[in-house]
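Engineer: Below is target-v8.pdb; it holds PDB, C-alpha atoms and all ligand atoms.
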ATOM      1  CA  MET B   1    -222.983 -25.760 -54.601
ATOM      2  CA  THR B   2    -220.579 -22.890 -54.029
ATOM      3  CA  THR B   3    -219.980 -21.789 -50.461
ATOM      4  CA  SER B   4    -217.361 -19.594 -48.882
ATOM      5  CA  ALA B   5    -213.933 -20.774 -47.848
ATOM      6  CA  SER B   6    -214.993 -20.326 -44.216
ATOM      7  CA  ALA B   7    -217.722 -22.997 -44.486
ATOM      8  CA  PRO B   8    -217.230 -26.287 -42.655
ATOM      9  CA  ILE B   9    -216.151 -29.500 -44.339
ATOM     10  CA  LEU B  10    -217.584 -32.911 -43.754
ATOM     11  CA  ALA B  11    -215.289 -35.932 -43.939
ATOM     12  CA  VAL B  12    -216.051 -39.637 -44.051
ATOM     13  CA  ASP B  13    -213.770 -42.663 -43.768
ATOM     14  CA  ILE B  14    -215.364 -45.850 -45.102
ATOM     15  CA  GLY B  15    -213.685 -49.117 -44.224
ATOM     16  CA  GLY B  16    -214.808 -52.726 -44.139
ATOM     17  CA  THR B  17    -215.818 -52.484 -40.469
ATOM     18  CA  LYS B  18    -216.927 -48.945 -39.771
ATOM     19  CA  ILE B  19    -217.957 -45.641 -41.261
ATOM     20  CA  MET B  20    -216.441 -42.667 -39.421
ATOM     21  CA  THR B  21    -218.018 -39.300 -40.146
ATOM     22  CA  ALA B  22    -216.538 -36.044 -38.861
ATOM     23  CA  LEU B  23    -217.333 -32.361 -39.165
ATOM     24  CA  PHE B  24    -214.371 -30.003 -39.523
ATOM     25  CA  SER B  25    -214.107 -26.235 -39.280
ATOM     26  CA  ALA B  26    -212.651 -24.395 -42.259
ATOM     27  CA  GLY B  27    -209.408 -24.209 -40.297
ATOM     28  CA  GLY B  28    -209.191 -27.994 -40.015
ATOM     29  CA  GLU B  29    -210.353 -28.427 -36.416
ATOM     30  CA  MET B  30    -212.539 -31.477 -35.768
ATOM     31  CA  LEU B  31    -215.881 -30.335 -34.334
ATOM     32  CA  ALA B  32    -217.761 -33.634 -34.068
ATOM     33  CA  ARG B  33    -217.393 -37.299 -34.866
ATOM     34  CA  ASP B  34    -219.707 -40.240 -35.441
ATOM     35  CA  VAL B  35    -218.885 -43.933 -35.902
ATOM     36  CA  ARG B  36    -221.267 -46.603 -37.121
ATOM     37  CA  PRO B  37    -220.894 -50.044 -38.711
ATOM     38  CA  THR B  38    -220.379 -50.444 -42.469
ATOM     39  CA  LEU B  39    -222.115 -53.847 -42.656
ATOM     40  CA  PRO B  40    -220.652 -54.451 -46.133
ATOM     41  CA  HIS B  41    -222.425 -57.817 -46.475
ATOM     42  CA  GLU B  42    -225.737 -55.947 -46.780
ATOM     43  CA  GLY B  43    -224.605 -54.609 -50.132
ATOM     44  CA  VAL B  44    -223.264 -51.431 -51.687
ATOM     45  CA  GLU B  45    -226.575 -49.541 -51.818
ATOM     46  CA  SER B  46    -227.256 -50.291 -48.162
ATOM     47  CA  THR B  47    -223.804 -49.001 -47.162
ATOM     48  CA  ILE B  48    -224.274 -45.840 -49.227
ATOM     49  CA  ALA B  49    -227.681 -45.280 -47.610
ATOM     50  CA  ARG B  50    -226.096 -45.680 -44.154
ATOM     51  CA  LEU B  51    -223.360 -43.273 -45.170
ATOM     52  CA  VAL B  52    -225.892 -40.636 -46.296
ATOM     53  CA  THR B  53    -227.841 -41.078 -43.048
ATOM     54  CA  ALA B  54    -224.634 -40.671 -41.008
ATOM     55  CA  ILE B  55    -223.867 -37.416 -42.828
ATOM     56  CA  LYS B  56    -227.408 -36.091 -42.359
ATOM     57  CA  ASP B  57    -227.403 -37.055 -38.662
ATOM     58  CA  ILE B  58    -224.178 -35.230 -37.855
ATOM     59  CA  LEU B  59    -225.393 -32.146 -39.760
ATOM     60  CA  ASP B  60    -228.761 -32.264 -37.951
ATOM     61  CA  ARG B  61    -227.031 -32.401 -34.583
ATOM     62  CA  HIS B  62    -225.240 -29.166 -35.474
ATOM     63  CA  GLY B  63    -228.271 -27.518 -37.053
ATOM     64  CA  LEU B  64    -226.425 -27.340 -40.370
ATOM     65  CA  ALA B  65    -228.013 -27.728 -43.793
ATOM     66  CA  ALA B  66    -225.895 -29.695 -46.291
ATOM     67  CA  SER B  67    -225.922 -26.600 -48.503
ATOM     68  CA  ARG B  68    -223.843 -24.811 -45.846
ATOM     69  CA  LEU B  69    -220.926 -27.218 -46.323
ATOM     70  CA  ARG B  70    -218.012 -26.207 -48.435
ATOM     71  CA  ALA B  71    -217.406 -29.800 -49.549
ATOM     72  CA  ILE B  72    -217.512 -33.448 -48.532
ATOM     73  CA  GLY B  73    -214.324 -35.508 -48.500
ATOM     74  CA  ILE B  74    -214.519 -39.290 -48.595
ATOM     75  CA  ALA B  75    -211.696 -41.663 -47.711
ATOM     76  CA  CYS B  76    -212.636 -45.083 -49.039
ATOM     77  CA  ALA B  77    -210.928 -48.471 -48.906
ATOM     78  CA  GLY B  78    -210.156 -49.980 -52.293
ATOM     79  CA  GLY B  79    -208.834 -48.650 -55.584
ATOM     80  CA  VAL B  80    -210.136 -45.095 -55.976
ATOM     81  CA  ASP B  81    -209.844 -42.983 -59.115
ATOM     82  CA  SER B  82    -210.015 -39.593 -57.444
ATOM     83  CA  GLY B  83    -210.085 -37.682 -60.722
ATOM     84  CA  ARG B  84    -213.377 -39.335 -61.683
ATOM     85  CA  GLY B  85    -214.701 -39.840 -58.134
ATOM     86  CA  VAL B  86    -215.098 -43.568 -58.716
ATOM     87  CA  VAL B  87    -214.323 -46.545 -56.485
ATOM     88  CA  VAL B  88    -212.825 -48.701 -59.240
ATOM     89  CA  THR B  89    -211.820 -51.871 -57.429
ATOM     90  CA  PRO B  90    -213.129 -53.146 -54.097
ATOM     91  CA  SER B  91    -211.117 -53.757 -50.966
ATOM     92  CA  PRO B  92    -211.374 -57.442 -49.932
ATOM     93  CA  ALA B  93    -213.434 -56.303 -46.923
ATOM     94  CA  MET B  94    -215.998 -54.545 -49.144
ATOM     95  CA  PRO B  95    -216.959 -56.871 -51.984
ATOM     96  CA  GLY B  96    -219.173 -55.406 -54.690
ATOM     97  CA  TRP B  97    -217.551 -51.969 -54.755
ATOM     98  CA  THR B  98    -216.543 -52.211 -58.416
ATOM     99  CA  ASP B  99    -216.867 -49.065 -60.554
ATOM    100  CA  ILE B 100    -219.087 -47.257 -58.056
ATOM    101  CA  PRO B 101    -219.350 -43.533 -58.954
ATOM    102  CA  LEU B 102    -219.562 -42.539 -55.294
ATOM    103  CA  GLY B 103    -218.714 -38.888 -55.948
ATOM    104  CA  ASP B 104    -221.651 -38.405 -58.343
ATOM    105  CA  ILE B 105    -224.010 -40.438 -56.131
ATOM    106  CA  LEU B 106    -223.348 -38.273 -53.074
ATOM    107  CA  ARG B 107    -223.397 -35.068 -55.089
ATOM    108  CA  ASP B 108    -226.849 -36.042 -56.408
ATOM    109  CA  ARG B 109    -228.244 -36.961 -52.995
ATOM    110  CA  LEU B 110    -226.757 -34.139 -50.923
ATOM    111  CA  SER B 111    -226.094 -31.377 -53.474
ATOM    112  CA  VAL B 112    -222.583 -30.829 -52.105
ATOM    113  CA  ASP B 113    -219.285 -31.033 -53.989
ATOM    114  CA  THR B 114    -217.792 -34.390 -53.041
ATOM    115  CA  PHE B 115    -214.200 -35.577 -53.427
ATOM    116  CA  ILE B 116    -213.009 -39.154 -52.948
ATOM    117  CA  VAL B 117    -209.595 -40.549 -52.177
ATOM    118  CA  ASN B 118    -208.175 -43.927 -51.161
ATOM    119  CA  ASP B 119    -208.219 -44.338 -47.373
ATOM    120  CA  ALA B 120    -204.474 -44.897 -46.930
ATOM    121  CA  SER B 121    -203.686 -41.911 -49.146
ATOM    122  CA  ALA B 122    -206.076 -39.888 -46.998
ATOM    123  CA  ALA B 123    -204.319 -41.124 -43.858
ATOM    124  CA  ALA B 124    -200.986 -39.995 -45.331
ATOM    125  CA  LEU B 125    -202.387 -36.526 -45.994
ATOM    126  CA  GLY B 126    -203.865 -36.415 -42.489
ATOM    127  CA  GLU B 127    -200.589 -37.407 -40.812
ATOM    128  CA  HIS B 128    -198.707 -34.990 -43.060
ATOM    129  CA  LEU B 129    -200.821 -31.984 -42.118
ATOM    130  CA  SER B 130    -201.881 -32.789 -38.549
ATOM    131  CA  GLY B 131    -199.863 -35.741 -37.265
ATOM    132  CA  ALA B 132    -196.462 -37.438 -37.350
ATOM    133  CA  GLY B 133    -195.430 -35.977 -40.708
ATOM    134  CA  ARG B 134    -195.975 -32.315 -39.863
ATOM    135  CA  GLY B 135    -193.279 -30.132 -41.377
ATOM    136  CA  ALA B 136    -191.895 -32.821 -43.684
ATOM    137  CA  ALA B 137    -192.147 -32.031 -47.401
ATOM    138  CA  ASP B 138    -191.555 -35.638 -48.393
ATOM    139  CA  MET B 139    -193.181 -38.479 -46.492
ATOM    140  CA  VAL B 140    -194.469 -41.977 -46.999
ATOM    141  CA  LEU B 141    -196.976 -43.774 -44.808
ATOM    142  CA  PHE B 142    -197.538 -47.489 -44.368
ATOM    143  CA  THR B 143    -200.840 -48.482 -42.762
ATOM    144  CA  VAL B 144    -200.272 -51.872 -41.199
ATOM    145  CA  GLY B 145    -203.605 -53.287 -40.149
ATOM    146  CA  THR B 146    -205.602 -56.270 -41.360
ATOM    147  CA  GLY B 147    -203.970 -55.523 -44.716
ATOM    148  CA  ILE B 148    -201.255 -53.039 -45.704
ATOM    149  CA  GLY B 149    -201.907 -49.762 -47.475
ATOM    150  CA  GLY B 150    -199.771 -46.763 -48.196
ATOM    151  CA  GLY B 151    -199.707 -43.118 -49.093
ATOM    152  CA  ILE B 152    -197.127 -40.783 -50.576
ATOM    153  CA  ILE B 153    -196.489 -37.095 -49.999
ATOM    154  CA  ILE B 154    -194.099 -35.462 -52.455
ATOM    155  CA  ASP B 155    -193.140 -31.822 -52.072
ATOM    156  CA  SER B 156    -195.945 -31.385 -49.502
ATOM    157  CA  ARG B 157    -198.628 -32.704 -51.858
ATOM    158  CA  LEU B 158    -200.452 -35.988 -51.927
ATOM    159  CA  TYR B 159    -199.214 -38.108 -54.832
ATOM    160  CA  LEU B 160    -201.968 -40.312 -56.289
ATOM    161  CA  GLY B 161    -200.411 -41.407 -59.586
ATOM    162  CA  ALA B 162    -202.030 -41.421 -63.032
ATOM    163  CA  SER B 163    -205.289 -43.064 -61.940
ATOM    164  CA  GLY B 164    -205.233 -43.015 -58.144
ATOM    165  CA  GLY B 165    -203.318 -46.260 -57.708
ATOM    166  CA  ALA B 166    -200.068 -44.948 -56.216
ATOM    167  CA  GLY B 167    -198.860 -46.040 -52.790
ATOM    168  CA  GLU B 168    -200.016 -49.636 -52.775
ATOM    169  CA  PHE B 169    -197.068 -50.628 -50.604
ATOM    170  CA  GLY B 170    -198.906 -53.746 -49.448
ATOM    171  CA  HIS B 171    -198.586 -55.194 -52.905
ATOM    172  CA  MET B 172    -194.898 -54.682 -53.528
ATOM    173  CA  THR B 173    -193.256 -58.051 -54.075
ATOM    174  CA  VAL B 174    -190.826 -58.745 -51.245
ATOM    175  CA  ALA B 175    -190.306 -62.518 -51.337
ATOM    176  CA  ASP B 176    -191.408 -65.791 -52.864
ATOM    177  CA  GLY B 177    -194.428 -66.028 -50.638
ATOM    178  CA  PRO B 178    -198.057 -67.026 -50.440
ATOM    179  CA  ILE B 179    -200.659 -66.041 -53.047
ATOM    180  CA  CYS B 180    -202.229 -62.660 -52.321
ATOM    181  CA  GLY B 181    -205.822 -61.570 -52.859
ATOM    182  CA  CYS B 182    -204.506 -59.363 -55.683
ATOM    183  CA  GLY B 183    -203.431 -62.494 -57.577
ATOM    184  CA  ASN B 184    -199.677 -62.114 -57.155
ATOM    185  CA  THR B 185    -197.350 -63.988 -54.843
ATOM    186  CA  GLY B 186    -195.020 -62.689 -52.160
ATOM    187  CA  CYS B 187    -196.820 -59.369 -51.588
ATOM    188  CA  LEU B 188    -195.776 -57.480 -48.443
ATOM    189  CA  GLU B 189    -199.380 -57.671 -47.228
ATOM    190  CA  MET B 190    -199.163 -61.461 -47.178
ATOM    191  CA  LEU B 191    -196.060 -61.355 -44.967
ATOM    192  CA  ALA B 192    -196.358 -58.368 -42.644
ATOM    193  CA  SER B 193    -200.055 -57.526 -42.095
ATOM    194  CA  GLY B 194    -202.297 -58.346 -39.161
ATOM    195  CA  ARG B 195    -203.716 -61.198 -41.184
ATOM    196  CA  ALA B 196    -200.185 -62.528 -41.806
ATOM    197  CA  VAL B 197    -199.444 -62.363 -38.061
ATOM    198  CA  GLU B 198    -202.571 -64.375 -37.330
ATOM    199  CA  ARG B 199    -201.893 -66.910 -40.080
ATOM    200  CA  ASP B 200    -198.317 -67.470 -38.910
ATOM    201  CA  ALA B 201    -199.285 -67.752 -35.225
ATOM    202  CA  ILE B 202    -202.138 -70.170 -35.962
ATOM    203  CA  ALA B 203    -199.875 -72.358 -38.099
ATOM    204  CA  ARG B 204    -197.242 -72.510 -35.337
ATOM    205  CA  LEU B 205    -199.854 -73.349 -32.706
ATOM    206  CA  GLY B 206    -201.180 -76.023 -35.050
ATOM    207  CA  HIS B 207    -197.705 -77.550 -35.142
ATOM    208  CA  GLY B 208    -197.749 -77.829 -31.371
ATOM    209  CA  GLU B 209    -195.390 -75.002 -30.403
ATOM    210  CA  ALA B 210    -195.737 -73.899 -26.789
ATOM    211  CA  SER B 211    -197.229 -70.446 -26.246
ATOM    212  CA  LEU B 212    -199.200 -68.256 -23.876
ATOM    213  CA  LEU B 213    -201.585 -67.873 -26.786
ATOM    214  CA  ARG B 214    -203.105 -71.286 -26.074
ATOM    215  CA  GLU B 215    -204.443 -69.972 -22.764
ATOM    216  CA  MET B 216    -205.311 -66.563 -24.160
ATOM    217  CA  CYS B 217    -207.456 -67.977 -26.951
ATOM    218  CA  ARG B 218    -209.068 -70.546 -24.608
ATOM    219  CA  GLY B 219    -208.390 -73.365 -27.049
ATOM    220  CA  ASP B 220    -209.815 -71.524 -30.076
ATOM    221  CA  ILE B 221    -206.538 -71.594 -31.999
ATOM    222  CA  GLU B 222    -208.157 -70.593 -35.296
ATOM    223  CA  GLY B 223    -209.546 -67.494 -33.591
ATOM    224  CA  VAL B 224    -206.185 -66.071 -32.451
ATOM    225  CA  THR B 225    -205.974 -62.346 -33.237
ATOM    226  CA  ALA B 226    -203.042 -60.087 -34.042
ATOM    227  CA  GLU B 227    -203.858 -58.129 -30.859
ATOM    228  CA  GLN B 228    -203.441 -61.316 -28.810
ATOM    229  CA  VAL B 229    -200.111 -62.028 -30.511
ATOM    230  CA  GLY B 230    -198.996 -58.498 -29.623
ATOM    231  CA  GLU B 231    -200.069 -58.945 -26.014
ATOM    232  CA  ALA B 232    -198.302 -62.314 -25.760
ATOM    233  CA  ALA B 233    -195.145 -60.765 -27.229
ATOM    234  CA  ARG B 234    -195.226 -57.991 -24.605
ATOM    235  CA  ARG B 235    -195.290 -60.740 -21.998
ATOM    236  CA  GLY B 236    -192.210 -62.318 -23.561
ATOM    237  CA  ASP B 237    -193.874 -65.259 -25.300
ATOM    238  CA  PRO B 238    -191.261 -66.835 -27.634
ATOM    239  CA  LEU B 239    -193.773 -67.882 -30.318
ATOM    240  CA  ALA B 240    -195.340 -64.418 -30.453
ATOM    241  CA  LEU B 241    -191.915 -62.742 -30.487
ATOM    242  CA  THR B 242    -190.818 -64.976 -33.380
ATOM    243  CA  VAL B 243    -193.968 -64.181 -35.349
ATOM    244  CA  LEU B 244    -193.572 -60.425 -34.822
ATOM    245  CA  ALA B 245    -189.846 -60.529 -35.618
ATOM    246  CA  ARG B 246    -190.765 -62.021 -38.993
ATOM    247  CA  THR B 247    -193.440 -59.361 -39.499
ATOM    248  CA  ALA B 248    -190.987 -56.588 -38.616
ATOM    249  CA  TYR B 249    -188.379 -58.092 -40.948
ATOM    250  CA  TYR B 250    -190.668 -58.009 -43.978
ATOM    251  CA  LEU B 251    -191.991 -54.574 -43.082
ATOM    252  CA  GLY B 252    -188.349 -53.491 -42.913
ATOM    253  CA  ILE B 253    -187.789 -54.736 -46.471
ATOM    254  CA  GLY B 254    -190.785 -52.689 -47.542
ATOM    255  CA  MET B 255    -189.378 -49.624 -45.787
ATOM    256  CA  VAL B 256    -185.950 -50.036 -47.407
ATOM    257  CA  ASN B 257    -187.634 -50.116 -50.831
ATOM    258  CA  ALA B 258    -189.731 -47.042 -50.062
ATOM    259  CA  VAL B 259    -186.724 -45.131 -48.695
ATOM    260  CA  ASN B 260    -184.625 -45.949 -51.767
ATOM    261  CA  ILE B 261    -187.417 -44.924 -54.150
ATOM    262  CA  PHE B 262    -188.762 -41.793 -52.456
ATOM    263  CA  ASN B 263    -185.941 -40.475 -50.231
ATOM    264  CA  PRO B 264    -188.537 -39.314 -47.685
ATOM    265  CA  GLU B 265    -187.803 -37.223 -44.616
ATOM    266  CA  VAL B 266    -190.251 -39.317 -42.642
ATOM    267  CA  VAL B 267    -191.659 -42.827 -42.879
ATOM    268  CA  VAL B 268    -194.844 -43.008 -40.806
ATOM    269  CA  ILE B 269    -196.167 -46.376 -39.674
ATOM    270  CA  GLY B 270    -199.885 -46.358 -38.883
ATOM    271  CA  GLY B 271    -202.714 -48.876 -38.716
ATOM    272  CA  GLY B 272    -203.680 -51.278 -35.939
ATOM    273  CA  LEU B 273    -200.257 -52.934 -35.666
ATOM    274  CA  ALA B 274    -198.531 -49.578 -35.142
ATOM    275  CA  GLY B 275    -199.569 -49.946 -31.496
ATOM    276  CA  LEU B 276    -196.750 -52.484 -31.208
ATOM    277  CA  GLY B 277    -194.395 -49.511 -31.404
ATOM    278  CA  GLU B 278    -190.677 -50.269 -31.405
ATOM    279  CA  MET B 279    -191.322 -54.014 -31.518
ATOM    280  CA  LEU B 280    -192.665 -53.466 -35.048
ATOM    281  CA  ILE B 281    -190.592 -50.550 -36.360
ATOM    282  CA  GLY B 282    -187.277 -50.941 -34.485
ATOM    283  CA  PRO B 283    -185.964 -53.759 -36.689
ATOM    284  CA  GLY B 284    -187.089 -51.893 -39.818
ATOM    285  CA  ARG B 285    -185.231 -48.765 -38.710
ATOM    286  CA  GLN B 286    -182.110 -50.904 -38.302
ATOM    287  CA  MET B 287    -182.597 -52.475 -41.749
ATOM    288  CA  VAL B 288    -183.024 -49.080 -43.379
ATOM    289  CA  ALA B 289    -179.781 -47.919 -41.718
ATOM    290  CA  GLU B 290    -177.957 -51.008 -42.989
ATOM    291  CA  ARG B 291    -179.492 -51.530 -46.415
ATOM    292  CA  ALA B 292    -180.878 -48.318 -47.883
ATOM    293  CA  PHE B 293    -178.637 -45.913 -49.798
ATOM    294  CA  SER B 294    -176.928 -43.734 -47.240
ATOM    295  CA  ILE B 295    -177.870 -40.502 -49.060
ATOM    296  CA  SER B 296    -181.445 -41.399 -48.104
ATOM    297  CA  SER B 297    -181.045 -43.427 -44.912
ATOM    298  CA  ARG B 298    -179.034 -40.704 -43.165
ATOM    299  CA  VAL B 299    -181.933 -38.225 -43.301
ATOM    300  CA  VAL B 300    -184.982 -40.398 -42.798
ATOM    301  CA  ARG B 301    -186.934 -40.626 -39.535
ATOM    302  CA  ILE B 302    -189.114 -43.697 -38.989
ATOM    303  CA  VAL B 303    -191.953 -43.013 -36.570
ATOM    304  CA  THR B 304    -195.390 -44.238 -35.575
ATOM    305  CA  ALA B 305    -198.529 -42.386 -36.628
ATOM    306  CA  GLN B 306    -200.158 -39.887 -34.267
ATOM    307  CA  LEU B 307    -203.770 -39.632 -35.392
ATOM    308  CA  GLY B 308    -204.782 -43.262 -34.823
ATOM    309  CA  ASN B 309    -208.007 -44.218 -36.558
ATOM    310  CA  GLU B 310    -208.859 -40.546 -37.174
ATOM    311  CA  ALA B 311    -206.091 -40.088 -39.778
ATOM    312  CA  GLY B 312    -208.518 -40.969 -42.601
ATOM    313  CA  VAL B 313    -211.108 -38.300 -41.758
ATOM    314  CA  TYR B 314    -208.417 -35.659 -41.153
ATOM    315  CA  GLY B 315    -206.971 -36.483 -44.574
ATOM    316  CA  ALA B 316    -210.356 -36.656 -46.323
ATOM    317  CA  ALA B 317    -211.238 -33.225 -44.941
ATOM    318  CA  ALA B 318    -207.898 -31.803 -46.081
ATOM    319  CA  TYR B 319    -208.274 -33.391 -49.516
ATOM    320  CA  ALA B 320    -211.758 -31.926 -49.946
ATOM    321  CA  ARG B 321    -210.524 -28.493 -48.816
ATOM    322  CA  GLN B 322    -207.656 -28.600 -51.312
ATOM    323  CA  GLN B 323    -209.865 -29.773 -54.172
ATOM    324  CA  ALA B 324    -212.621 -27.264 -53.383
ATOM    325  CA  SER B 325    -210.117 -24.447 -53.487
ATOM    326  CA  GLY B 326    -208.886 -25.529 -56.891
ATOM    327  CA  ASN B 327    -205.860 -27.298 -55.497
ATOM    328  CA  SER B 328    -204.345 -24.081 -54.215
ATOM    329  CA  ALA B 329    -201.708 -24.708 -51.597
ATOM    330  CA  ASP B 330    -203.760 -24.682 -48.406
TER
HETATM  331 ZN    ZN B 401    -200.996 -58.408 -53.439
END
With the file now loaded, output its structure as structure tokens.

Structural biologist:
Amino acid sequence: MTTSASAPILAVDIGGTKIMTALFSAGGEMLARDVRPTLPHEGVESTIARLVTAIKDILDRHGLAASRLRAIGIACAGGVDSGRGVVVTPSPAMPGWTDIPLGDILRDRLSVDTFIVNDASAAALGEHLSGAGRGAADMVLFTVGTGIGGGIIIDSRLYLGASGGAGEFGHMTVADGPICGCGNTGCLEMLASGRAVERDAIARLGHGEASLLREMCRGDIEGVTAEQVGEAARRGDPLALTVLARTAYYLGIGMVNAVNIFNPEVVVIGGGLAGLGEMLIGPGRQMVAERAFSISSRVVRIVTAQLGNEAGVYGAAAYARQQASGNSAD
């Protein structure tokens, strides 16, 4: 399984909706990309089989044998113990992924060294090396999508914690709020994620508040999406603006906590809601200036991510490269 440092690396990002596979040169340049559905309801084995097929397909298209790869890096949603290569706890979007030794499974099927990391941690590493966090030794990333994830870079290295659980910013307690899927109440994810935006907008529509969203959803109030709320807000819709102001407020609380704990040079906001730009992060930047300790708030930059939905594969490739080279500083 040993190949030279100039061999390509294959990276995969597995989420509840799609599997993105990408081939990278040894220097970190993306050479090819493939996206296909995860179909998590078909079960874990089916998803793993689809994942293996995706890897083989992209290699076939480039006339590469798996044995020519230096390593495979996997970014996976859920609680990932990177040291053991095990998906320990499932993401809500991927039920059944409990104690799945994905590293060993892929190593057995493809005979390539395989390294696994949580998807938001991978995104942090990707943004750190190739995106909005370039040049910053200390950085935190919030991924604000359907849920909220996070990743931490300390002294230019990904920080995973004792068992891979570090950076779960979505589950910091920020208020007395609704019950979260993790079992606690008042988690940031319940107040500032895409799902929270939808829940809040639907509740307000249910109470009869006027909004452009009624037209946009063609009467299907329960089907209102966070994207529609964002679009309505851009058009000045008061309900949508109120919902997003609340989202930005709670995200700001999360940022203040992260800035006080980590004193990062950069806070990167990624995920689907990052497309809202200043509407989402402007209020948080203001809150950090007002509430965080000035020794930290005076140096921090709060910016949106640059790699979009490719941050996970960039980070997975970088993680695999680092692990394959014995964690040397490349
Ligand atoms: Zn939670």

Engineer: Could you give me, as a tab-separated table, a per-residue list for chain B showing, wherever an atom lies at most 7 Å from an atom of ligand ZN 401 (chain B), the closest pair of atoms and their distance in Å to one decimal, using only C-alpha atoms and all ligand atoms and sorting by chain then residue number from low to high?

Structural biologist:
residue	atom	partner	partner_atom	distance
B:Gly170	CA	B:ZN401	ZN	6.5
B:His171	CA	B:ZN401	ZN	4.1
B:Cys180	CA	B:ZN401	ZN	4.6
B:Gly181	CA	B:ZN401	ZN	5.8
B:Cys182	CA	B:ZN401	ZN	4.3
B:Gly183	CA	B:ZN401	ZN	6.3
B:Asn184	CA	B:ZN401	ZN	5.4
B:Thr185	CA	B:ZN401	ZN	6.8
B:Cys187	CA	B:ZN401	ZN	4.7
B:Glu189	CA	B:ZN401	ZN	6.5

Engineer: Measuring between only C-alpha atoms, which one of B:Thr114, B:Ser296, B:Thr146, B:Asn309 shows the shortest distance to B:Gly16?

Structural biologist: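 Using only C-alpha atoms, the shortest distance to B:Gly16 belongs to B:Thr146.
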
Engineer: Which residue is closest to B:Ala124? Choose from B:Ala77, B:Ile14, B:Leu212, B:Ile269 and count all atoms listed in the file.

Structural biologist: B:Ile269

Engineer: Using only C-alpha atoms - which residues lie no farther than 7 Å from the point (-200.6, -42.7, -51.6) in the file's frame? Write them as JSON, numbers by chain.

Structural biologist: {"B": [120, 121, 124, 150, 151, 152, 158, 159, 160, 166, 167]}

Engineer: Can you write out the residues you just picked, keeping C-alpha atoms, as a tab-separated table (two decimals), keeping the file's coordinate frame?

Structural biologist:
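Below is the file that was written, again-v6.tsv:
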chain	number	residue	atom	x	y	z
B	120	ALA	CA	-204.47	-44.90	-46.93
B	121	SER	CA	-203.69	-41.91	-49.15
B	124	ALA	CA	-200.99	-39.99	-45.33
B	150	GLY	CA	-199.77	-46.76	-48.20
B	151	GLY	CA	-199.71	-43.12	-49.09
B	152	ILE	CA	-197.13	-40.78	-50.58
B	158	LEU	CA	-200.45	-35.99	-51.93
B	159	TYR	CA	-199.21	-38.11	-54.83
B	160	LEU	CA	-201.97	-40.31	-56.29
B	166	ALA	CA	-200.07	-44.95	-56.22
B	167	GLY	CA	-198.86	-46.04	-52.79

Engineer: Have a look at atom CA of B:Glu227 and atom CA of B:Gly145 and let me know their distance in Å, one decimal.

Structural biologist: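 Separation between atom CA of B:Glu227 and atom CA of B:Gly145: 10.5 Å.
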
Engineer: Can you spell out as a PyMOL selection string the set of residues that the PyMOL selection byres (((chain B and resi 198) around 8) and not hetatm) selects in the structure I just provided?

Structural biologist: chain B and resi 194-197+199-202+224-226+229

Engineer: Padding 5 Å on each side, edges along x, y and z: where is the centre of the box around the listed atoms of stretch 173-186 of chain B, and how long are its edges in Å to one decimal? Output it as lines of an AutoDock Vina configuration file.

Structural biologist:
center_x = -198.1
center_y = -62.5
center_z = -54.0
size_x = 25.5
size_y = 19.0
size_z = 17.1

Engineer: Just want the 9 Å neighbourhood of B:Leu106, counted on all atoms listed in the file, with same-chain residues fewer than 5 positions away dropped. Output as an MDAnalysis selection string.

Structural biologist: chainID B and resid 48 52 72 101 111:114

Engineer: Could you jot down the atom CA of B:Gly186 to atom CA of B:Thr173 separation for me, Å, one decimal place?

Structural biologist: 5.3 Å

Engineer: Residues near stretch 218-222 of chain B, anyone? I mean within 8 Å using all atoms listed in the file, not counting same-chain ones fewer than 4 positions away, as a PyMOL selection string.

Structural biologist: chain B and resi 202+205-206+214

Engineer: Selection in question (the file shown): the PyMOL selection byres (((chain B and resi 126) around 9) and not hetatm). Which residues does it include, as a PyMOL selection string?

Structural biologist: chain B and resi 121-125+127-131+133+307+310-319

Engineer: Tell me which of B:Ala175, B:Ala274, B:Arg321, B:Leu280 sits closest to B:Gly28, counting all atoms listed in the file.

Structural biologist: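 Checking each of B:Ala175, B:Ala274, B:Arg321, B:Leu280 against B:Gly28, counting all atoms listed in the file, the winner is B:Arg321.
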
Engineer: Atom CA of B:Ala320 to atom CA of B:Leu110: how many Å, to one decimal?

Structural biologist: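 Result for atom CA of B:Ala320 versus atom CA of B:Leu110: 15.2 Å, one decimal.
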
Engineer: Which residues would end up in the selection if the PyMOL selection byres (((chain B and resi 261) around 12) and not hetatm) were applied here, given that I need the answer as a list in words?

Structural biologist: Asp138, Met139, Val140, Ile152, Ile154, Gly167, Phe169, Gly254, Met255, Val256, Asn257, Ala258, Val259, Asn260, Phe262, Asn263, Pro264, Ala292, Phe293, Ile295, Ser296 and Ser297 of chain B

Engineer: Choose the residue, out of B:Val86, B:Ala32, B:Val44, B:Ala245, that has the smallest atom-to-atom separation from B:His62; count only C-alpha atoms.

Structural biologist: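 Closest to B:His62, using only C-alpha atoms: B:Ala32.
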
Engineer: For stretch 36-38 of chain B, list every protein, DNA or RNA residue within 7 Å, evaluated using only C-alpha atoms, and leave out those in the same chain fewer than 2 positions away; present the list as a PyMOL selection string.

Structural biologist: chain B and resi 16-20+34+40+47

Engineer: Pick the closest to B:Ile55 from B:Leu10, B:Leu188, B:Ala71, B:Leu276: which is it, counting all atoms listed in the file?

Structural biologist: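 Looking only at the distances to B:Ile55, the closest residue turns out to be B:Leu10.
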
Engineer: Between B:Pro178, B:Gly103, B:Ala66, B:Met172, which one has atoms that come closest to B:Gly149, using all atoms listed in the file?

Structural biologist: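 Closest to B:Gly149 of all the choices is B:Met172.
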